[in-house]
>>> print(open('final-v8.pdb').read())   # PDB, C-alpha atoms
ATOM      1  CA  MET A 375       8.655  -0.114 -18.343
ATOM      2  CA  PHE A 376       8.204   1.574 -14.963
ATOM      3  CA  ILE A 377       6.499  -0.858 -12.572
ATOM      4  CA  ASP A 378       4.585   0.739  -9.684
ATOM      5  CA  LYS A 379       2.184  -2.096  -8.860
ATOM      6  CA  VAL A 380       2.850  -5.822  -8.525
ATOM      7  CA  THR A 381       1.316  -8.881  -6.895
ATOM      8  CA  ILE A 382       3.596 -11.382  -5.180
ATOM      9  CA  THR A 383       3.126 -14.503  -3.079
ATOM     10  CA  VAL A 384       5.125 -14.898   0.117
ATOM     11  CA  ARG A 385       5.632 -18.069   2.132
ATOM     12  CA  SER A 386       7.051 -18.178   5.636
ATOM     13  CA  GLY A 387       9.434 -20.899   6.743
ATOM     14  CA  ALA A 388       7.951 -23.947   8.429
ATOM     15  CA  GLY A 389       9.027 -24.685  11.966
ATOM     16  CA  GLY A 390      11.486 -27.530  12.301
ATOM     17  CA  ARG A 391      10.487 -30.897  13.783
ATOM     18  CA  GLY A 392      11.378 -31.593  17.388
ATOM     19  CA  CYS A 393      13.553 -34.651  17.970
ATOM     20  CA  GLU A 394      12.474 -37.769  19.795
ATOM     21  CA  SER A 395      15.630 -39.284  21.178
ATOM     22  CA  TYR A 396      16.762 -41.241  24.231
ATOM     23  CA  GLN A 397      20.045 -41.741  26.000
ATOM     24  CA  MET A 398      20.780 -44.890  27.950
ATOM     25  CA  ARG A 399      22.382 -44.217  31.310
ATOM     26  CA  PRO A 400      24.893 -46.607  32.890
ATOM     27  CA  ASP A 401      22.045 -48.095  34.934
ATOM     28  CA  ARG A 402      20.363 -48.905  31.593
ATOM     29  CA  LYS A 403      17.590 -46.441  32.196
ATOM     30  CA  TYR A 404      16.568 -44.418  29.116
ATOM     31  CA  ILE A 405      16.465 -40.674  29.469
ATOM     32  CA  PRO A 406      14.725 -38.518  26.805
ATOM     33  CA  ASN A 407      17.168 -36.042  25.262
ATOM     34  CA  GLY A 408      15.584 -34.848  22.018
ATOM     35  CA  GLY A 409      16.486 -31.263  21.092
ATOM     36  CA  ASP A 410      14.071 -28.523  20.113
ATOM     37  CA  ALA A 411      13.881 -27.462  16.478
ATOM     38  CA  GLY A 412      14.335 -23.951  15.078
ATOM     39  CA  ASP A 413      11.564 -21.527  14.252
ATOM     40  CA  GLY A 414      10.827 -20.915  10.589
ATOM     41  CA  GLY A 415      12.063 -17.728   8.944
ATOM     42  CA  ASP A 416       9.877 -14.622   8.755
ATOM     43  CA  ILE A 417       8.863 -12.674   5.647
ATOM     44  CA  ILE A 418       9.973  -9.061   6.074
ATOM     45  CA  LEU A 419       9.393  -6.128   3.718
ATOM     46  CA  ARG A 420      11.836  -3.252   4.124
ATOM     47  CA  ALA A 421      11.923   0.222   2.575
ATOM     48  CA  ASP A 422      15.244   0.712   0.802
ATOM     49  CA  PRO A 423      16.307   4.141  -0.560
ATOM     50  CA  GLN A 424      18.478   2.454  -3.197
ATOM     51  CA  THR A 425      15.468   0.655  -4.690
ATOM     52  CA  GLY A 426      13.762   2.902  -7.228
ATOM     53  CA  SER A 427      10.763   0.825  -8.336
ATOM     54  CA  LEU A 428       9.115  -2.579  -8.064
ATOM     55  CA  ASP A 429      10.774  -3.815 -11.285
ATOM     56  CA  ASP A 430      12.953  -6.385  -9.515
ATOM     57  CA  LEU A 431       9.903  -8.146  -8.069
ATOM     58  CA  LYS A 432       7.970  -8.652 -11.292
ATOM     59  CA  SER A 433       9.878 -11.755 -12.461
ATOM     60  CA  LYS A 434       9.855 -13.634  -9.152
ATOM     61  CA  ARG A 435       6.352 -14.095  -7.871
ATOM     62  CA  ILE A 436       7.008 -16.421  -4.893
ATOM     63  CA  PHE A 437       9.308 -15.412  -2.048
ATOM     64  CA  GLU A 438      10.074 -18.027   0.600
ATOM     65  CA  ALA A 439      11.803 -17.927   3.961
ATOM     66  CA  GLU A 440      13.906 -20.863   5.148
ATOM     67  CA  ARG A 441      12.403 -23.577   7.292
ATOM     68  CA  GLY A 442      13.784 -24.128  10.780
ATOM     69  CA  GLU A 443      16.273 -26.928  11.289
ATOM     70  CA  HIS A 444      15.038 -30.095  12.960
ATOM     71  CA  GLY A 445      16.122 -30.850  16.483
ATOM     72  CA  LEU A 446      18.700 -33.577  17.084
ATOM     73  CA  GLY A 447      19.538 -36.031  19.803
ATOM     74  CA  SER A 448      21.700 -35.202  22.811
ATOM     75  CA  ASN A 449      19.634 -32.038  23.309
ATOM     76  CA  GLN A 450      20.992 -30.414  20.158
ATOM     77  CA  TYR A 451      18.744 -27.549  19.098
ATOM     78  CA  GLY A 452      17.938 -26.761  15.475
ATOM     79  CA  ARG A 453      18.864 -23.374  13.958
ATOM     80  CA  LYS A 454      16.183 -20.787  13.183
ATOM     81  CA  GLY A 455      15.399 -20.515   9.489
ATOM     82  CA  LYS A 456      16.753 -17.455   7.663
ATOM     83  CA  ASP A 457      14.296 -14.630   7.190
ATOM     84  CA  CYS A 458      13.345 -13.563   3.678
ATOM     85  CA  ILE A 459      13.871  -9.795   3.424
ATOM     86  CA  ILE A 460      12.216  -8.157   0.423
ATOM     87  CA  LYS A 461      13.488  -4.669  -0.389
ATOM     88  CA  VAL A 462      10.948  -2.224  -1.783
ATOM     89  CA  PRO A 463      11.199   1.491  -2.617
ATOM     90  CA  CYS A 464      10.325   4.082   0.006
ATOM     91  CA  GLY A 465       6.672   4.913  -0.559
ATOM     92  CA  THR A 466       5.404   1.352  -1.004
ATOM     93  CA  THR A 467       1.979   0.420   0.341
ATOM     94  CA  ILE A 468       1.397  -3.232   1.238
ATOM     95  CA  HIS A 469      -2.037  -4.840   1.086
ATOM     96  CA  ASN A 470      -3.270  -8.313   1.890
ATOM     97  CA  LYS A 471      -4.741  -8.912  -1.569
ATOM     98  CA  THR A 472      -7.070 -11.738  -0.595
ATOM     99  CA  GLU A 473      -8.785  -9.786   2.179
ATOM    100  CA  ASN A 474      -8.132  -6.327   0.682
ATOM    101  CA  LEU A 475      -6.616  -5.105   3.943
ATOM    102  CA  LEU A 476      -3.880  -2.525   4.380
ATOM    103  CA  ILE A 477      -0.886  -4.016   6.151
ATOM    104  CA  ARG A 478       1.568  -1.107   6.204
ATOM    105  CA  ASP A 479       2.756   1.955   4.341
ATOM    106  CA  LEU A 480       6.562   1.982   4.191
ATOM    107  CA  ILE A 481       7.561   5.607   3.717
ATOM    108  CA  TYR A 482      10.974   6.185   5.250
ATOM    109  CA  ALA A 483      14.267   4.403   4.670
ATOM    110  CA  GLY A 484      14.545   1.446   7.033
ATOM    111  CA  ASP A 485      10.799   1.147   7.677
ATOM    112  CA  GLU A 486       9.917  -2.533   7.772
ATOM    113  CA  VAL A 487       7.112  -4.889   8.620
ATOM    114  CA  ILE A 488       6.894  -8.616   9.250
ATOM    115  CA  VAL A 489       4.054  -9.706   6.988
ATOM    116  CA  LEU A 490       4.315 -13.388   7.945
ATOM    117  CA  LYS A 491       5.874 -14.912  11.029
ATOM    118  CA  GLY A 492       7.733 -18.144  10.562
ATOM    119  CA  GLY A 493       6.201 -21.346  11.867
ATOM    120  CA  ARG A 494       6.821 -22.125  15.535
ATOM    121  CA  ARG A 495       9.463 -24.733  16.248
ATOM    122  CA  GLY A 496       8.674 -28.238  17.380
ATOM    123  CA  TYR A 497       9.863 -29.315  20.824
ATOM    124  CA  GLY A 498      12.085 -32.255  21.573
ATOM    125  CA  ASN A 499      11.097 -34.932  24.045
ATOM    126  CA  HIS A 500      12.935 -33.437  26.981
ATOM    127  CA  ALA A 501      11.611 -31.851  30.154
ATOM    128  CA  ARG A 502       8.962 -34.563  30.478
ATOM    129  CA  ARG A 503       7.062 -33.758  27.307
ATOM    130  CA  PRO A 504       6.650 -35.559  24.006
ATOM    131  CA  ALA A 505       8.319 -34.461  20.778
ATOM    132  CA  THR A 506       6.160 -32.260  18.580
ATOM    133  CA  PRO A 507       6.226 -31.323  14.894
ATOM    134  CA  GLY A 508       6.868 -27.760  13.867
ATOM    135  CA  GLU A 509       4.161 -25.404  12.689
ATOM    136  CA  GLU A 510       3.463 -25.469   8.957
ATOM    137  CA  ALA A 511       4.487 -22.671   6.622
ATOM    138  CA  LYS A 512       1.947 -19.928   5.891
ATOM    139  CA  GLU A 513       1.298 -18.305   2.543
ATOM    140  CA  LEU A 514      -0.050 -14.878   1.675
ATOM    141  CA  GLU A 515      -0.733 -12.952  -1.518
ATOM    142  CA  LEU A 516       0.391  -9.334  -1.361
ATOM    143  CA  LEU A 517      -0.432  -6.349  -3.545
ATOM    144  CA  LEU A 518       2.412  -3.824  -3.537
ATOM    145  CA  SER A 519       1.699  -0.308  -4.779
ATOM    146  CA  PHE A 520       4.487   2.242  -5.087
ATOM    147  CA  LYS A 521       3.883   5.994  -4.986
ATOM    148  CA  ILE A 522       6.928   8.170  -5.526
ATOM    149  CA  ILE A 523       7.961  10.419  -2.668
ATOM    150  CA  ALA A 524       9.100  13.820  -3.922
ATOM    151  CA  ASP A 525       8.768  17.432  -2.836
ATOM    152  CA  ILE A 526       7.793  18.813  -6.239
ATOM    153  CA  PHE A 527       6.064  17.094  -9.154
ATOM    154  CA  LEU A 528       6.189  18.441 -12.702
ATOM    155  CA  VAL A 529       2.875  17.905 -14.511
ATOM    156  CA  GLY A 530       2.330  19.393 -17.916
ATOM    157  CA  ILE A 531       1.159  19.562 -21.471
ATOM    158  CA  PRO A 532       3.319  17.696 -24.054
ATOM    159  CA  ASN A 533       6.437  19.628 -25.096
ATOM    160  CA  SER A 534       6.107  22.037 -22.177
ATOM    161  CA  GLY A 535       9.768  21.525 -21.274
ATOM    162  CA  LYS A 536       9.384  19.411 -18.128
ATOM    163  CA  THR A 537      12.448  17.333 -18.946
ATOM    164  CA  THR A 538      14.526  20.399 -19.786
ATOM    165  CA  LEU A 539      13.599  22.031 -16.480
ATOM    166  CA  LEU A 540      14.275  18.844 -14.511
ATOM    167  CA  LYS A 541      17.697  18.512 -16.115
ATOM    168  CA  LEU A 542      18.528  22.176 -15.480
ATOM    169  CA  LEU A 543      17.530  21.999 -11.810
ATOM    170  CA  THR A 544      18.865  18.561 -10.870
ATOM    171  CA  HIS A 545      21.418  17.613 -13.557
ATOM    172  CA  ALA A 546      19.524  14.324 -13.826
ATOM    173  CA  GLY A 547      20.650  12.101 -16.671
ATOM    174  CA  VAL A 548      17.415  12.431 -18.612
ATOM    175  CA  HIS A 549      17.200  12.548 -22.392
ATOM    176  CA  GLU A 550      15.700  15.693 -23.912
ATOM    177  CA  THR A 551      13.755  15.499 -27.151
ATOM    178  CA  GLU A 552      11.410  17.651 -29.186
ATOM    179  CA  TYR A 553       8.922  14.819 -29.585
ATOM    180  CA  PRO A 554       5.743  14.801 -27.474
ATOM    181  CA  PHE A 555       5.245  12.014 -24.898
ATOM    182  CA  ALA A 556       8.990  11.308 -24.820
ATOM    183  CA  THR A 557       8.798  10.853 -21.037
ATOM    184  CA  LYS A 558       7.100   7.488 -20.650
ATOM    185  CA  ALA A 559       7.827   6.948 -16.962
ATOM    186  CA  PRO A 560       8.397   9.186 -13.944
ATOM    187  CA  GLN A 561      11.880  10.731 -13.815
ATOM    188  CA  ALA A 562      13.404  11.936 -10.558
ATOM    189  CA  GLY A 563      16.244  14.190  -9.487
ATOM    190  CA  THR A 564      17.484  16.329  -6.608
ATOM    191  CA  TYR A 565      17.788  20.107  -6.653
ATOM    192  CA  GLN A 566      20.677  21.360  -4.553
ATOM    193  CA  SER A 567      21.429  24.991  -3.739
ATOM    194  CA  HIS A 568      23.713  26.513  -1.126
ATOM    195  CA  ASP A 569      20.914  26.412   1.459
ATOM    196  CA  ALA A 570      18.369  23.865   0.275
ATOM    197  CA  GLN A 571      17.758  20.409  -1.116
ATOM    198  CA  LEU A 572      14.543  19.463  -2.896
ATOM    199  CA  SER A 573      13.472  16.257  -4.598
ATOM    200  CA  LEU A 574      11.705  16.659  -7.955
ATOM    201  CA  CYS A 575       9.813  14.214 -10.143
ATOM    202  CA  GLU A 576       8.638  14.675 -13.708
ATOM    203  CA  LEU A 577       5.477  12.794 -14.686
ATOM    204  CA  PRO A 578       4.521  11.807 -18.247
ATOM    205  CA  SER A 579       2.611  14.478 -20.174
ATOM    206  CA  ILE A 580      -1.163  14.741 -20.165
ATOM    207  CA  TYR A 581      -3.540  16.426 -22.587
ATOM    208  CA  GLN A 582      -7.270  16.627 -23.233
ATOM    209  CA  ALA A 583      -7.692  12.978 -24.267
ATOM    210  CA  SER A 584      -5.469  11.521 -21.536
ATOM    211  CA  GLY A 585      -8.494  10.781 -19.362
ATOM    212  CA  GLU A 586      -9.764   8.493 -22.140
ATOM    213  CA  GLY A 587      -6.558   6.475 -21.977
ATOM    214  CA  ARG A 588      -5.017   8.072 -25.049
ATOM    215  CA  GLY A 589      -1.381   9.104 -25.151
ATOM    216  CA  LEU A 590       0.133   7.749 -21.928
ATOM    217  CA  GLY A 591      -3.111   8.030 -19.984
ATOM    218  CA  THR A 592      -3.371   9.417 -16.473
ATOM    219  CA  HIS A 593      -2.137   6.469 -14.393
ATOM    220  CA  SER A 594       1.032   8.287 -13.338
ATOM    221  CA  LEU A 595      -1.021  10.979 -11.586
ATOM    222  CA  LYS A 596      -1.425   8.555  -8.664
ATOM    223  CA  HIS A 597       2.057   9.626  -7.536
ATOM    224  CA  LEU A 598       0.762  13.113  -6.689
ATOM    225  CA  GLU A 599      -0.638  11.675  -3.463
ATOM    226  CA  ARG A 600       2.641  12.428  -1.695
ATOM    227  CA  ALA A 601       3.389  15.767  -3.398
ATOM    228  CA  LYS A 602       4.113  18.927  -1.404
ATOM    229  CA  LEU A 603       3.996  21.196  -4.450
ATOM    230  CA  ILE A 604       2.981  20.789  -8.107
ATOM    231  CA  PHE A 605       4.411  22.679 -11.056
ATOM    232  CA  LEU A 606       1.681  22.860 -13.713
ATOM    233  CA  MET A 607       3.782  23.368 -16.834
ATOM    234  CA  LEU A 608       2.474  25.026 -19.981
ATOM    235  CA  ASP A 609       3.809  25.758 -23.446
ATOM    236  CA  PRO A 610       2.586  29.093 -24.918
ATOM    237  CA  LYS A 611       2.871  27.704 -28.461
ATOM    238  CA  SER A 612       1.572  24.198 -27.817
ATOM    239  CA  ASP A 613      -0.026  21.983 -30.465
ATOM    240  CA  PHE A 614      -2.105  20.402 -27.664
ATOM    241  CA  ALA A 615      -3.804  23.554 -26.374
ATOM    242  CA  PRO A 616      -4.857  26.613 -28.405
ATOM    243  CA  ASN A 617      -3.708  29.042 -25.695
ATOM    244  CA  LEU A 618      -2.422  29.203 -22.123
ATOM    245  CA  LYS A 619      -5.897  29.491 -20.630
ATOM    246  CA  GLU A 620      -7.069  26.328 -22.391
ATOM    247  CA  GLY A 621      -3.879  24.491 -21.422
ATOM    248  CA  TYR A 622      -4.436  25.420 -17.787
ATOM    249  CA  GLN A 623      -8.040  24.178 -17.916
ATOM    250  CA  ILE A 624      -6.932  20.874 -19.470
ATOM    251  CA  LEU A 625      -4.449  20.219 -16.657
ATOM    252  CA  ILE A 626      -6.861  21.233 -13.891
ATOM    253  CA  GLU A 627      -9.789  19.207 -15.248
ATOM    254  CA  THR A 628      -7.654  16.117 -15.894
ATOM    255  CA  ILE A 629      -6.349  16.181 -12.339
ATOM    256  CA  ARG A 630      -9.860  16.795 -10.979
ATOM    257  CA  GLU A 631     -11.247  13.800 -12.865
ATOM    258  CA  PHE A 632      -8.438  11.600 -11.579
ATOM    259  CA  ASN A 633      -8.681  12.700  -7.943
ATOM    260  CA  PRO A 634     -10.270  16.020  -6.894
ATOM    261  CA  ASP A 635      -8.325  15.938  -3.614
ATOM    262  CA  PHE A 636      -5.124  16.529  -5.581
ATOM    263  CA  LEU A 637      -6.335  20.049  -6.373
ATOM    264  CA  LYS A 638      -5.840  20.852  -2.673
ATOM    265  CA  ILE A 639      -2.078  20.384  -3.075
ATOM    266  CA  PRO A 640      -0.230  23.727  -3.432
ATOM    267  CA  ARG A 641       0.633  24.469  -7.057
ATOM    268  CA  PHE A 642       2.469  26.950  -9.234
ATOM    269  CA  ILE A 643       1.644  27.579 -12.865
ATOM    270  CA  VAL A 644       4.916  27.503 -14.763
ATOM    271  CA  VAL A 645       4.789  28.940 -18.277
ATOM    272  CA  ASN A 646       7.953  27.710 -19.968
ATOM    273  CA  LYS A 647       9.440  29.162 -23.178
ATOM    274  CA  ALA A 648       8.385  32.612 -21.979
ATOM    275  CA  ASP A 649      11.071  34.062 -24.234
ATOM    276  CA  LEU A 650       8.626  33.368 -27.075
ATOM    277  CA  LEU A 651       6.107  35.787 -25.540
ATOM    278  CA  SER A 652       6.170  39.554 -25.638
ATOM    279  CA  LYS A 653       5.993  41.491 -22.390
ATOM    280  CA  ALA A 654       2.401  42.435 -23.200
ATOM    281  CA  GLU A 655       1.475  38.785 -23.680
ATOM    282  CA  GLN A 656       3.052  37.884 -20.341
ATOM    283  CA  GLU A 657       0.964  40.533 -18.605
ATOM    284  CA  LYS A 658      -2.355  39.182 -19.885
ATOM    285  CA  LYS A 659      -4.683  37.527 -17.354
ATOM    286  CA  TYR A 660      -4.786  33.921 -18.518
ATOM    287  CA  PHE A 661      -5.403  32.349 -15.122
ATOM    288  CA  PRO A 662      -7.673  32.854 -12.072
ATOM    289  CA  ALA A 663      -6.419  35.501  -9.651
ATOM    290  CA  LYS A 664      -5.764  32.912  -6.921
ATOM    291  CA  GLU A 665      -3.189  31.128  -9.091
ATOM    292  CA  LYS A 666       0.479  32.026  -8.844
ATOM    293  CA  ALA A 667       2.071  32.041 -12.296
ATOM    294  CA  TYR A 668       5.749  32.066 -13.222
ATOM    295  CA  TYR A 669       7.084  32.854 -16.680
ATOM    296  CA  ILE A 670      10.392  31.110 -17.247
ATOM    297  CA  SER A 671      12.683  29.781 -19.935
ATOM    298  CA  ALA A 672      14.422  26.543 -19.021
ATOM    299  CA  THR A 673      16.678  26.736 -22.064
ATOM    300  CA  GLU A 674      17.699  30.355 -21.359
ATOM    301  CA  ASN A 675      17.710  29.912 -17.551
ATOM    302  CA  LEU A 676      15.319  32.830 -17.095
ATOM    303  CA  GLY A 677      13.048  33.194 -14.059
ATOM    304  CA  ILE A 678      14.380  30.006 -12.443
ATOM    305  CA  ASP A 679      15.835  31.578  -9.285
ATOM    306  CA  ARG A 680      12.559  33.246  -8.311
ATOM    307  CA  LEU A 681      10.596  30.084  -9.039
ATOM    308  CA  MET A 682      12.789  27.895  -6.855
ATOM    309  CA  LYS A 683      13.086  30.456  -4.070
ATOM    310  CA  ASP A 684       9.304  30.560  -3.764
ATOM    311  CA  ALA A 685       9.105  26.777  -4.056
ATOM    312  CA  GLN A 686      11.431  26.418  -1.071
ATOM    313  CA  LYS A 687       9.072  28.562   1.014
ATOM    314  CA  ILE A 688       6.160  26.247   0.205
ATOM    315  CA  VAL A 689       7.987  22.953   0.623
ATOM    316  CA  GLY A 690      10.023  23.855   3.684
ATOM    317  CA  ALA A 691      13.331  22.883   2.114
ATOM    318  CA  ARG A 692      15.953  20.992   4.102
ATOM    319  CA  SER A 693      19.603  21.882   3.911
TER     320      SER A 693
END
>>> encode(input="final-v8.pdb", output="structure tokens")
Amino acid sequence: MFIDKVTITVRSGAGGRGCESYQMRPDRKYIPNGGDAGDGGDIILRADPQTGSLDDLKSKRIFEAERGEHGLGSNQYGRKGKDCIIKVPCGTTIHNKTENLLIRDLIYAGDEVIVLKGGRRGYGNHARRPATPGEEAKELELLLSFKIIADIFLVGIPNSGKTTLLKLLTHAGVHETEYPFATKAPQAGTYQSHDAQLSLCELPSIYQASGEGRGLGTHSLKHLERAKLIFLMLDPKSDFAPNLKEGYQILIETIREFNPDFLKIPRFIVVNKADLLSKAEQEKKYFPAKEKAYYISATENLGIDRLMKDAQKIVGARS
């Protein structure tokens, strides 16, 4: 199961206890020489490009940093506690769950934030001051929400060939099947040409009843928030839409009901299996004039070059 939301508890390290110690000088006078303790470890969340989801965090709900070492006599200082570094996928949003406050959005590889500072160290009884205890550990409940970062998202009717197209473009190790709703979690890959590199992500299929929670529902549409371009994929002979016009309306209305702002994202209509249509059928006006439609065949590799060349212009592909 693809996990894109999880709640965890984090606990910083407590500060170590300062030492109360004395050294007797040759004149039998006692001199305080207690060492300072170490600070407690911090809780750090870091965006890691090798981490693909929040799956690894679901089984461990409490993450703790190390407490600082206590100070010792003879002015020996305690070591700082080790930080607890939690790796999350790029595109993870961190909220303070208790107060419902946004802490940070970690988008790029290496982005990090200290969500809890370790407890301050206690001081030893040197420099004419008494020994002090370290600061206690702090605890915080975090809500982590992951939204996939990709240039192009494939959204479509069941059996519209999203997986076939993704595999053709990216050589991703995805399993193709003729069964509807075979893609149960987002699948990602990278398209590489001689002058461009694009990241693609296929989302589970949606149809007219998806908004009611049937099929695989519409939860995965949340990932469109970071999309630069959407391929709305249709099947001209679909069992889930009587014709291309109806299929288009289903996709548009489902996205609108989920988040109308997503309709502002640039999109191409991609009619797959176009080899099943006659030339006259391809020339019919199924869609509004403002929409840009592409008739392709992922299995026959027809119309793909034009589609991707135009996609690069929209996305601003990097080489």
>>> residues_around(input="final-v8.pdb", residues="region 530-537 of chain A", least_positions_apart="6", cutoff="6 Å", atoms="only C-alpha atoms", output="list in words")
Pro554, Ser579, Ile580, Tyr581, Leu606, Met607, Leu608 and Asp609 of chain A
>>> residues_around(input="final-v8.pdb", residues="region 476-485 of chain A", least_positions_apart="6", cutoff="7 Å", atoms="only C-alpha atoms", output="ChimeraX atom specification")
/A:420-423,464-470
>>> resolve_selection(input="final-v8.pdb", expression="the PyMOL selection byres ((chain A and resi 501-510) around 8)", output="list of chain:residue names")
A:Gly387, A:Ala388, A:Gly389, A:Gly390, A:Arg391, A:Gly392, A:Cys393, A:Glu394, A:Pro406, A:Gly408, A:Ala411, A:Asp413, A:Gly493, A:Arg494, A:Arg495, A:Gly496, A:Tyr497, A:Gly498, A:Asn499, A:His500, A:Ala511, A:Lys512
>>> write_last_selection(input="final-v8.pdb", atoms="C-alpha atoms", output="CSV table (one decimal), in the coordinates of the input")
chain,number,residue,atom,x,y,z
A,387,GLY,CA,9.4,-20.9,6.7
A,388,ALA,CA,8.0,-23.9,8.4
A,389,GLY,CA,9.0,-24.7,12.0
A,390,GLY,CA,11.5,-27.5,12.3
A,391,ARG,CA,10.5,-30.9,13.8
A,392,GLY,CA,11.4,-31.6,17.4
A,393,CYS,CA,13.6,-34.7,18.0
A,394,GLU,CA,12.5,-37.8,19.8
A,406,PRO,CA,14.7,-38.5,26.8
A,408,GLY,CA,15.6,-34.8,22.0
A,411,ALA,CA,13.9,-27.5,16.5
A,413,ASP,CA,11.6,-21.5,14.3
A,493,GLY,CA,6.2,-21.3,11.9
A,494,ARG,CA,6.8,-22.1,15.5
A,495,ARG,CA,9.5,-24.7,16.2
A,496,GLY,CA,8.7,-28.2,17.4
A,497,TYR,CA,9.9,-29.3,20.8
A,498,GLY,CA,12.1,-32.3,21.6
A,499,ASN,CA,11.1,-34.9,24.0
A,500,HIS,CA,12.9,-33.4,27.0
A,511,ALA,CA,4.5,-22.7,6.6
A,512,LYS,CA,1.9,-19.9,5.9
>>> atom_distance(input="final-v8.pdb", atom1="CA of Tyr660 (chain A)", atom2="CA of Gly621 (chain A)")
9.9 Å
>>> closest_residue(input="final-v8.pdb", among="A:Leu542, A:Ala559, A:Val489, A:Ala570", to="Ile522 (chain A)", atoms="all atoms listed in the file")
A:Ala559
>>> atom_distance(input="final-v8.pdb", atom1="CA of Tyr622 (chain A)", atom2="CA of Lys664 (chain A)")
13.3 Å
>>> atom_distance(input="final-v8.pdb", atom1="CA of Tyr668 (chain A)", atom2="CA of Glu655 (chain A)")
13.1 Å
